[in-house]
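What follows is one structure encoded as structure tokens, with my remarks underneath.
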Amino acid sequence: MDDRDELTDLPGRRIFLRLLDERIHEAEGQGGTVGLLLADIDRFTQINVTYGFACGDRVLRHLARQLAAVGRARDIVARVGDNRFAMILPGLMNRGHAELAAQKLLRLLEVPFEHDDARLRLQATIGVALYPHHASGAQDLLARAEFALALARHEDRRYGFAPDGSDIGSLSYQWDLELELANAIDRGELSMFYQPQVALGDRRVVGVEALMRWNNRNRGMVPPDVFIPLAERTGHIRKMTLWAMNTVLRQTSQWRHDWGALSVSVNVPSELVAHSDLPDMLRNALQLFGSDAIRPMIEITERSLMVGDRALQQLHRIREMGVRVSIDDFGTGYSCLAYFHKVPASELKIDKTFVSRLLTDTASADIAMLIIDLAHRFDLDVVAEGVEDEATCEKLASSGCDVVQGYFFAKPMPADACEQWLQAFGRVETKPTAA
Ligand code: C2E
Ligand code: CA
Ligand code: CA
């Protein structure tokens with residue numbers, strides 16, 4: 001069966017894997033190197049949201065044409081995801097050549113794109129993996145390039161190579177990661193970090209978001225953008241979320257500080273929102289570790305709201321237990337506004353892609369303002385995440401945003417460091433006298 005992408009007329013994922021496999025076999029015979037570049041268009045959803053899907057489609061077609069034109073005759077370009085392109089580079093001389101190709105690709109992807117009167121500046125992130133250096137098969141090579149991409153994004157680099165220390169000939173990398181994830185809790189490799197949330201009105205700390213970290217004994221820190229999706233795919237996420245809820249309530253209820261009761265948010269993936277025992281999981285955790293010092297909250301994404309009435313019923317049960325609901329990454333999904341008012345939420349979080357461009361991109365600023373208005377109309381609080389500087393903070397304050405979270409105030413930190421941060425924050429500033 002043919003699997004060409006209709007929109008771009010490039011090979012789709014299946015053909016791509018077959019072609020990659022063929023190139024690897026050829027290289028195997030000749031002792032050659034094959035490079036795999038995986039490129040993600042950053043904030044592509046934002047283009048769809050702001051300029052419409054027709055524009056998003058034009059952007060993709062434009063990129064596909066350019067990519068196909070830039071490669072050498074034997075290079076292969078494919079579309080392997082919604083906003084993800086792959087390029088196979090057979091017969092590479094060395095790592096430096098892959099690096100050059102990545103840089104060239106980045107320049108190409110960043111060419112401004114004209115749409116009506118607007119010039120859209122695109123940005124991309126690239127992950128690179130090499131056969132035979134990083135993996136010996138097509139699937140593994142793809143997994144390594146995906147990992148490199150997530151790592152580069154996590155570290156805010158434009159491109160990056162897959163880490164060395166490959167396990168060629170042994171288990172596939174992905175499978176290995178999966179196996180290790182299964183044991184991560186038991187080995188004590190998971191921990192929860194906390195990032196403070198500050199109210200813009202009086203700069204009081206009003207809460208923290210709990211974020212999971214995995215420090216693997218062999219690989220070191222594995223980014224959440226890699227292991228959370230993996231946990232979701234492999235079914236480990238339920239156990240991990242249960243562990244997170246208990247750990248977070250236990251740790252935060254013991255903190256000493258004079259900020260009053262803190263809102264404490266735990267991320268819950270959409271798969272679990274419709275799951276029948278989410279309310280029970282929460283109730284058990286609260287019975288064990290609930291305390292007047294914390295106000296528990298779950299962060300769900302818009303995707304959770306698409307799964308229907310069952311999810312809504314669950315959310316209502318959760319609300320009745322006194323656990324509040326926050327809608328995370330708001331504006332990046334396919335929010336159905338008609339559905340929206342039925343959701344028993346108390347907070348919207350503006351995604352950091354909009355926040356980080358608030359001062360430089362009018363479309364992002366408009367979206368942020370719209371979200372703030374929408375939230376207040378429905379009597380919800382608004383949290384802006386990813387606030388990295390004072391100017392953004394001020395802009396958000398003047399736009400009526402309630403709470404901010406971001407590196408400007410603090411990065412996520414371990415429980416004891418966060419407790420100390422809470423004790424120190426605002427001591428020399430204008431903290432209102434504790435009631
Ligand atoms: P998220 O829920 O949107 O979390 C916010 C992310 O933004 C965190 O990334 C945080 O470290 C990062 N961040 C905060 N302030 C700034 C800033 O000023 N600048 C920038 N550039 N980034 C900032 P992190 O910790 O890497 O987590 C990534 C994602 O992984 C989370 O996105 C969430 O979707 C998922 N995740 C993390 N912990 C958990 C968890 O315990 N359970 C579940 N289900 N998902 C989790
Ligand atoms: Ca979150
Ligand atoms: Ca978020």
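Letters for chains follow the order of the structure tokens (A, B, ...), residue numbers begin at 1 for each chain, and ligand numbers begin at 1 in the order shown.
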Could you list, as JSON, numbers by chain, all the residues within 12 Å of ligand 3, counting only C-alpha atoms and all ligand atoms?
{"A": [209, 210, 211, 225, 265, 266, 267, 268, 269, 299, 300, 301, 302, 326, 327, 328, 329, 330, 331, 332, 333, 348, 349, 350, 351, 352, 353, 354, 355, 383, 384, 385, 386, 387, 404, 405, 406]}
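With only C-alpha atoms taken into account, the protein and nucleic acid residues at most 7 Å from stretch 4-7 of chain A (excluding it and anything under 3 positions from it in its own chain) are Leu10, Pro11, Gly12, Arg61 and Arg79 of chain A.
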I need the residues of stretch 305-384 of chain A that end up classed as helix (DSSP H, G or I) by DSSP on the backbone, written out as an MDAnalysis selection string.
chainID A and resid 305 309:320 337:340 352:355 362:377
Could you pull out the residues in stretch 16-152 of chain A that DSSP calls strand (DSSP E or B) from the backbone, as a PyMOL selection string?
chain A and resi 33-41+76-81+84-92+113-115+118-120+124-131
Using only C-alpha atoms, which protein or nucleic acid residues come within 10 Å of A:Leu149? Drop anything in the same chain fewer than 2 positions from it, and give the result as a ChimeraX atom specification.
/A:37-40,125-129,143-147,151-155,157-162,226
For A:Glu28, work out the shell of residues within 10 Å, counting only C-alpha atoms and skipping chain neighbours fewer than 4 positions away, then give it as number ranges by chain.
A: 22-24, 32-34, 131-132, 136
Mind dumping the selected residues with C-alpha atoms as a tab-separated table (two decimals), in the first residue's frame?
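As a result, result.tsv now contains:
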chain	number	residue	atom	x	y	z
A	22	GLU	CA	17.39	-0.03	2.47
A	23	ARG	CA	20.03	2.69	2.85
A	24	ILE	CA	21.27	1.05	6.03
A	32	GLY	CA	29.39	3.50	4.99
A	33	THR	CA	27.63	5.98	7.24
A	34	VAL	CA	23.99	7.06	7.01
A	131	TYR	CA	24.27	4.69	11.43
A	132	PRO	CA	26.27	2.72	12.56
A	136	SER	CA	22.13	-0.55	13.72
